[in-house]
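Right, one structure below, let's go through it.
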Amino acid sequence: MLEFLHRPRTRAQARAAIILLAVLLALLPFLVEAGLGRSWVRVLDFALLYVILALGLNIVVGYAGLLDLGFVAFYALGAYLYAWLASPHFGLHLPFWVVLPLGAGLAGLFGVLLGAPTLRLRGDYLAIVTLGFGEIIRIFMNNLNAPVNITNGPQGINLIDPVTIAGVSFGKTQELFGITFASAHFYYYLFLVFTLATLFIAYRLQDSRIGRAWVAIREDEVAAAAMGINTRNIKLLAFAMGAVFGGVAGGLFAAFQGFISPESFTLWESILILCMIVLGGMGHIPGVVLGAVLLTVLPEALRYLGDWQRAALGEVVVDPGDLRMLLFGVALVLMMVYRPEGLIPSRQRKREFHAEDGVAAQEQASLYDSRA
Amino acid sequence: MATLLNVNGVSKRFGGIHALDEVTLAVQEGEIYGLIGPNGAGKTTLFNCMTGLYSVSRGEILLDGRPIHNRKPHVIVELGFARTFQNIRLFANMTALENVLVGRHVRTHAGVFGAVLRDAGTRAEEAASRERARALLDFVGLANKGRTLAGHLAYGEQRRLEIARALATEPRLLALDEPVAGMNPAERRQMAELFQRLRAQGLTLLLIEHDVKLVMGLCDRVAVLDYGRKIAEGAPNAVRQDPTVIAAYLGTEAAA
Amino acid sequence: MDIFVQQLINGLVLGSIYALVALGYTMVYGILELINFAHGEVTMMGAMVALTVIGLLLGLNPELSGLLVVLAGVLVAIPACMLLAFTIERVAYRPLRRAPRLAPLITAIGVSIVLQNAAMLIWGRQYVSFPQILPQQTYEVLGAHITSLQIFIVLLCMAVMAGLWLLVQKTRLGRAMRATAQSKEVAMLMGVDIDRVISATFVIGAALAAIAGVMVSAYYGLAHYYMGFMLGLKAFSAAVLGGIGNIAGAMLGGLLLGVIEALGAGYIGDLTGGFLGSHYQDVFAFFVLILVLVFRPSGLLGERVATRA
């Protein structure tokens with residue numbers, strides 16, 4: 001998707017491509033609204049949100065090779081912090097540019113707190129521990145409404161302030177420069193800015209000393225340590241970076257929805273984000289973007305399955321919402337078995353997943369002894 | 001000459017097995033020191049203890065007088081002790097140049113903010129790293145392989161890339177675990193010549209090797225390990241004639 | 001004091017069910033070093049299948065003996081789960097045996113999602129209730145209540161575990177399993193058919209899971225398409241607590257976790273001055289899991305495995 005940016009044939013061609021892409025991205029919500037209706041603009045907003053989340057998780061899973069199944073916990077922390085500081089729940093109404101960084105910081109802090117004791121664990125143990133962490137956070141959100149009402153329990157927090165920039169509230173439809181912007185349009189542009197910033201950061205990190213250290217750890221942790229990489233700190237950094245992106249996305253989500261509840265932060269949300277990465281191509285930014293967009297848009301498209309059923313059979317036999325997760329599950333298995341490198345893999349991953357012998361993996365497993 | 005590496009009475013047990021038993025040796029600055037012995041004698045175990053991959057059960061290891069046993073591997077690298085692996089452990093899916101750049105990690109400092117903002121300092125550091133990495137690839141004879149994935153390199157090239165990667169950490173002491181295993185005589189000569197050049201630059205080399213001819217021709221001193229014990233140490237020619245060494249190597253045949 | 005005894009009894013009952021499920025995790029992990037994430041869902045399927053059979057039988061003749069009906073349900077659920085586990089291993093895990101570590105874990109999650117949603121489509125989103133057909137007598141022990149169902153569950157679980165122990169220690173298959181767990185290569189050289197042993201391990205674990213599934217739904221009086229998730233996580237925590245890969249460890253870990261949970265739920269209110277209540281019961285398993293992995297990754301009875309790279 002973004003691949004052509006890497007290999008422009010000529011400078012002029014590259015510039016033309018970028019300008020074309022920019023115009024397309026700028027007009028997209030209006031094109032989509034004209035073609036598919038306003039509800040699809042919201043889908044577009046969610047697609048961008050998931051791109052941010054997927055890029056964040058990709059740092060942890062794709063680069064550093066740490067399977068984090070509790071990613072949604074950081075998303076939840078960002079969202080809840082936003083709700084606490086900008087809603088009638090506590091009567092606080094701080095502006096979003098104060099709340100978002102705080103949410104990012106809180107999520108990053110929790111990332112470090114969780115990662116510090118657990119990152120020395122082997123990959124699959126880490127997966128389960130992070131999963132447990134995600135569940136703990138969710139259980140607390142569900143139950144911390146008594147005796148002191150902190151989270152408002154399963155009902156969640158309502159009436160969260162929309163983002164307001166230069167006096168323009170993103171929460172309502174407004175006319176600017178003679179164009180009518182709905183809330184979904186405003187958030188599209190806001191999310192686009194954040195998405196582009198995330199992409200920029202992800203690319204810069206990838207091509208840096210830190211990014212190389214992450215990949216080295218993923219490739220061979222023992223060799224990475226023997227080459228002078230402080231594996232514990234560098235893994236912790238990946239974990240914290242991922243968490244920060246999760247926290248930012250959570251804040252954006254809370255402002256966009258105006259309402260949050262523990263229901264939005266289940267394990268399946270973590271798995272959905274993981275699916276996006278796996279589907280697109282772990283560790284490869286264009287693949288991750290594609291995966292996030294596809295898995296946001298496809299389930300929406302699946303809603304038409306209900307209409308087709310009604311048209312063909314006179315009633316909705318299988319709720320498409322129910323079918324959605326089932327198809328995700330099947331897709332995960334099929335992808336891992338037949339195309340583990342994802343739809344657009346990086347050159348490296350492709351080789352890795354199709355390597356013939358597991359010798360290196362075994363040796364790696366047997367070399368580190370009791371400490372580490 | 002000053003002593004660079006001291007191994008004092010180091011023992012390593014795995015369960016009930018003594019993989020290393022009271023091993024003591026000293027490597028002088030600027031020499032090529034060989035570590036030989038039959039298979040399973042504990043040579044690689046000793047390497048792993050020295051470089052922080054294994055803890056030691058007893059004894060101490062000093063690099064330039066500073067204890068390094070039971071320290072983290074990356075700390076030991078930072079103190080100037082790098083290594084290669086017997087069964088080549090490159091980052092197979094990174095390019096040769098990237099592999100060497102990973103070796104620069106410990107001598108560079110750019111953090112997340114540097115990486116994202118690419119300030120002047122970070123750019124300069126990165127450029128210097130790349131220049132140095134290219135020079136090292138050139139030094140080991142892989143000048144035109146920088147963009148090749150490490151996993152796609154020929155076997156001998158992988159061995160040399162591993163050395164370049166270790167050199168990128170700017171070690172004072174470089175430990176090589178069977179660096180010429182599986183190579184043909186011409187390649188072995190090239191490697192021996194490479195080691196001489198490294199020594200000429202002031203680097204101290206510690207070498208595990210099976211190729212007795214190479215060891216004898218190259219090393220200033222050798223130590224012989226057998227069943228986790230040091231059974232001999234000294235100039236190659238003296239060690240070669242040591243009856244215990246002959247017995248250890250020829251073992252059953254001598255008895256028969 | 002009677003709260004203590006009561007919670008201890010409740011914990012032991014629940015714990016013996018956890019132990020049965022934990023055995024499935026630990027056996028597979030011992031041989032393949034794979035966390036069979038879908039095992040909780042196999043347990044759920046066991047409960048669902050048994051409940052369907054029980055419902056059918058009671059529909060045919062409501063006068064049937066409750067114990068016999070439940071037994072029939074279990075006897076259908078066991079082969080159903082075995083077949084399911086056999087298929088899962090074949091389709092989702094075997095093709096990935098040489099793949100990087102995370103790959104089979106991701107397919108395991110996929111299988112888990114598929115089973116859960118398939119169950120939802122088949123049995124619906126509602127709770128399925130377990131008919132009150134088992135004898136429910138209450139006895140008093142040290143000021144606490146214990147029902148005949150609780151006694152039955154504990155005894156059945158103990159019997160099944162004893163059977164498994166004999167199987168692993170005394171039979172040819174058990175020997176082959178132990179050899180494979182030690183080293184696949186050596187076992188193969190000794191003429192063990194690794195693929196068969198792996199299949200057998202999954203299938204045996206599934207049989208235990210089926211029994212556990214029926215027991216847990218009988219105990220709570222209901223079953224639900226989502227029940228396998230939490231049960232599976234807790235059982236996995238129990239396996240880790242005991243030392244994953246270690247059969248005795250899974251049994252011990254299961255019982256211990258059940259007791260920790262029950263006592264924790266019973267006393268958390270007092271301990272936090274009423275700030276946290278018994279609905280935090282589910283949190284204990286995760287805290288135990290995290291604490292064990294951080295401070296004693298080998299578990300109570302296991303060898304250290306967690307720090308291998």
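Identifiers for the structure tokens are assigned positionally: chains receive A, B, ... in sequence, residues are indexed from 1 per chain, and ligands are indexed from 1 in the order shown.
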
Report as a Markdown table: every residue of chain A with an atom at most 7 Å from chain B, its closest pair of atoms, and their distance in Å to one decimal, counting only C-alpha atoms, with rows sorted by chain and ascending residue number.
| residue | atom | partner | partner_atom | distance |
| --- | --- | --- | --- | --- |
| A:Ile201 | CA | B:Val116 | CA | 5.6 |
| A:Arg204 | CA | B:Val116 | CA | 5.2 |
| A:Leu205 | CA | B:Ala115 | CA | 5.6 |
| A:Ser208 | CA | B:Ala115 | CA | 5.6 |
| A:Arg209 | CA | B:His105 | CA | 6.5 |
| A:Ile210 | CA | B:Gly111 | CA | 6.8 |
| A:Arg212 | CA | B:Val102 | CA | 6.4 |
| A:Ala213 | CA | B:Val102 | CA | 6.4 |
| A:Ala216 | CA | B:Phe91 | CA | 6.1 |
| A:Glu219 | CA | B:Phe91 | CA | 5.5 |
| A:Asp220 | CA | B:Phe91 | CA | 6.4 |
| A:Ala223 | CA | B:Arg89 | CA | 6.1 |
| A:Ala225 | CA | B:His74 | CA | 5.5 |
| A:Ala226 | CA | B:Pro73 | CA | 5.4 |
| A:Met227 | CA | B:Gly103 | CA | 5.5 |
| A:Gly228 | CA | B:His74 | CA | 3.8 |
| A:Ile229 | CA | B:His74 | CA | 5.5 |
| A:Asn230 | CA | B:His74 | CA | 5.6 |
| A:Gln348 | CA | B:Asn93 | CA | 4.9 |
| A:Tyr368 | CA | B:Leu53 | CA | 6.1 |
| A:Asp369 | CA | B:Tyr54 | CA | 6.0 |
| A:Arg371 | CA | B:Ser55 | CA | 6.9 |

The selected residues should be written to file as a short mmCIF file (atom, residue, chain, number, x, y, z; two decimals), in the first residue's frame (atoms: N, CA and C atoms).
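Contents of part_21.cif, freshly written:
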data_model
loop_
_atom_site.label_atom_id
_atom_site.label_comp_id
_atom_site.auth_asym_id
_atom_site.auth_seq_id
_atom_site.Cartn_x
_atom_site.Cartn_y
_atom_site.Cartn_z
N ILE A 201 6.51 7.92 13.26
CA ILE A 201 7.30 7.43 14.39
C ILE A 201 7.68 5.97 14.17
N ARG A 204 10.48 5.80 11.62
CA ARG A 204 11.73 6.30 12.17
C ARG A 204 12.34 5.32 13.16
N LEU A 205 11.47 4.74 14.00
CA LEU A 205 11.98 3.78 14.99
C LEU A 205 12.55 2.56 14.29
N SER A 208 16.27 2.64 13.05
CA SER A 208 17.15 3.28 14.02
C SER A 208 17.89 2.22 14.82
N ARG A 209 18.79 2.70 15.64
CA ARG A 209 19.53 1.83 16.54
C ARG A 209 18.58 0.99 17.39
N ILE A 210 17.50 1.64 17.87
CA ILE A 210 16.53 0.94 18.71
C ILE A 210 15.79 -0.13 17.91
N ARG A 212 16.72 -1.67 15.23
CA ARG A 212 17.60 -2.81 14.93
C ARG A 212 17.76 -3.70 16.15
N ALA A 213 17.85 -3.09 17.31
CA ALA A 213 17.99 -3.89 18.53
C ALA A 213 16.74 -4.75 18.75
N ALA A 216 16.87 -7.61 16.34
CA ALA A 216 17.93 -8.54 16.74
C ALA A 216 17.43 -9.45 17.86
N GLU A 219 15.15 -11.99 16.46
CA GLU A 219 15.85 -12.98 15.65
C GLU A 219 16.58 -13.99 16.52
N ASP A 220 17.31 -13.51 17.51
CA ASP A 220 18.11 -14.41 18.34
C ASP A 220 18.47 -13.65 19.61
N ALA A 223 22.13 -14.16 21.00
CA ALA A 223 23.14 -13.45 20.23
C ALA A 223 23.03 -11.94 20.46
N ALA A 225 22.05 -10.41 23.13
CA ALA A 225 22.66 -10.10 24.42
C ALA A 225 24.18 -10.17 24.31
N ALA A 226 24.67 -11.16 23.59
CA ALA A 226 26.12 -11.33 23.45
C ALA A 226 26.73 -10.24 22.59
N MET A 227 25.92 -9.48 21.87
CA MET A 227 26.43 -8.36 21.09
C MET A 227 26.24 -7.05 21.85
N GLY A 228 25.92 -7.13 23.11
CA GLY A 228 25.91 -5.94 23.93
C GLY A 228 24.56 -5.27 24.08
N ILE A 229 23.49 -5.92 23.64
CA ILE A 229 22.18 -5.30 23.81
C ILE A 229 21.62 -5.67 25.18
N ASN A 230 21.20 -4.68 25.91
CA ASN A 230 20.56 -4.91 27.20
C ASN A 230 19.14 -5.38 26.90
N GLN A 348 11.98 -10.20 5.28
CA GLN A 348 12.57 -11.04 6.30
C GLN A 348 11.60 -12.09 6.81
N TYR A 368 20.55 -20.74 27.01
CA TYR A 368 20.45 -19.94 28.24
C TYR A 368 20.22 -20.88 29.41
N ASP A 369 21.00 -20.80 30.44
CA ASP A 369 20.69 -21.68 31.57
C ASP A 369 19.95 -20.92 32.65
N ARG A 371 20.00 -18.68 34.86
CA ARG A 371 19.76 -17.26 35.12
C ARG A 371 19.37 -16.55 33.84
#

Based on the backbone DSSP call, show me all residues of region 68-192 of chain C assigned helix (DSSP H, G or I), as a PyMOL selection string. chain C and resi 68-96+102-123+148-170+172-182+184-189

I need the contact residues of chain C against chain A, so if you could list those with any atom within 9 Å, counting only C-alpha atoms, and return them as an MDAnalysis selection string, that would help. chainID C and resid 34:35 91:93 95:96 98:118 120:121 233 236:237 274:277 279:280 282:283 285:287 289:290 293:295 297 304:309

Which region 296-347 of chain A residues have any atom within 10 Å of an atom of region 21-42 of chain A, and for each, what is the nearest pair of atoms with distance in Å to one decimal, counting only C-alpha atoms, rows sorted by chain and number, as a tab-separated table?
residue	atom	partner	partner_atom	distance
A:Val297	CA	A:Trp40	CA	8.9
A:Glu300	CA	A:Trp40	CA	8.6
A:Ala301	CA	A:Trp40	CA	9.9

Pick the closest to Thr24 (chain B) from B:Leu218, B:Cys49, B:Leu203, B:Val10: which is it, counting only C-alpha atoms?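 Using only C-alpha atoms, Thr24 (chain B) sits closest to B:Val10.
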
Quick one: residues within 7 Å of region 98-101 of chain A, only C-alpha atoms counted, chain neighbours fewer than 4 positions away excluded, as a PyMOL selection string? chain A and resi 82+85+94+105+248+251

Expected answer as a PyMOL selection string: strand (DSSP E) residues in region 78-245 of chain C: chain C and resi 128-129+138-141+144-147+222-223

Between CA of Gly258 (chain A) and CA of Val163 (chain A), what distance in Å does the model show, to one decimal?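 These atoms are spaced 9.8 Å apart.
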
What is the distance, in Å and to one decimal place, between CA of Glu261 (chain C) and CA of Tyr25 (chain C)?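 Straight-line distance from CA of Glu261 (chain C) to CA of Tyr25 (chain C) works out to 19.6 Å.
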
Contacts of Leu164 (chain C) at 12 Å or less, counting only C-alpha atoms, minus same-chain residues fewer than 5 places along, as a ChimeraX atom specification? /C:20,23-24,27,157-159,169-171,173-174,201,204-205,207-208,247-248,251

Which residue gives the smallest distance to Ala223 (chain B) among B:Ala133, B:Ala247, B:Leu205, B:Ala235, with only C-alpha atoms counted?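 For Ala223 (chain B), the nearest of the candidates is B:Ala235.
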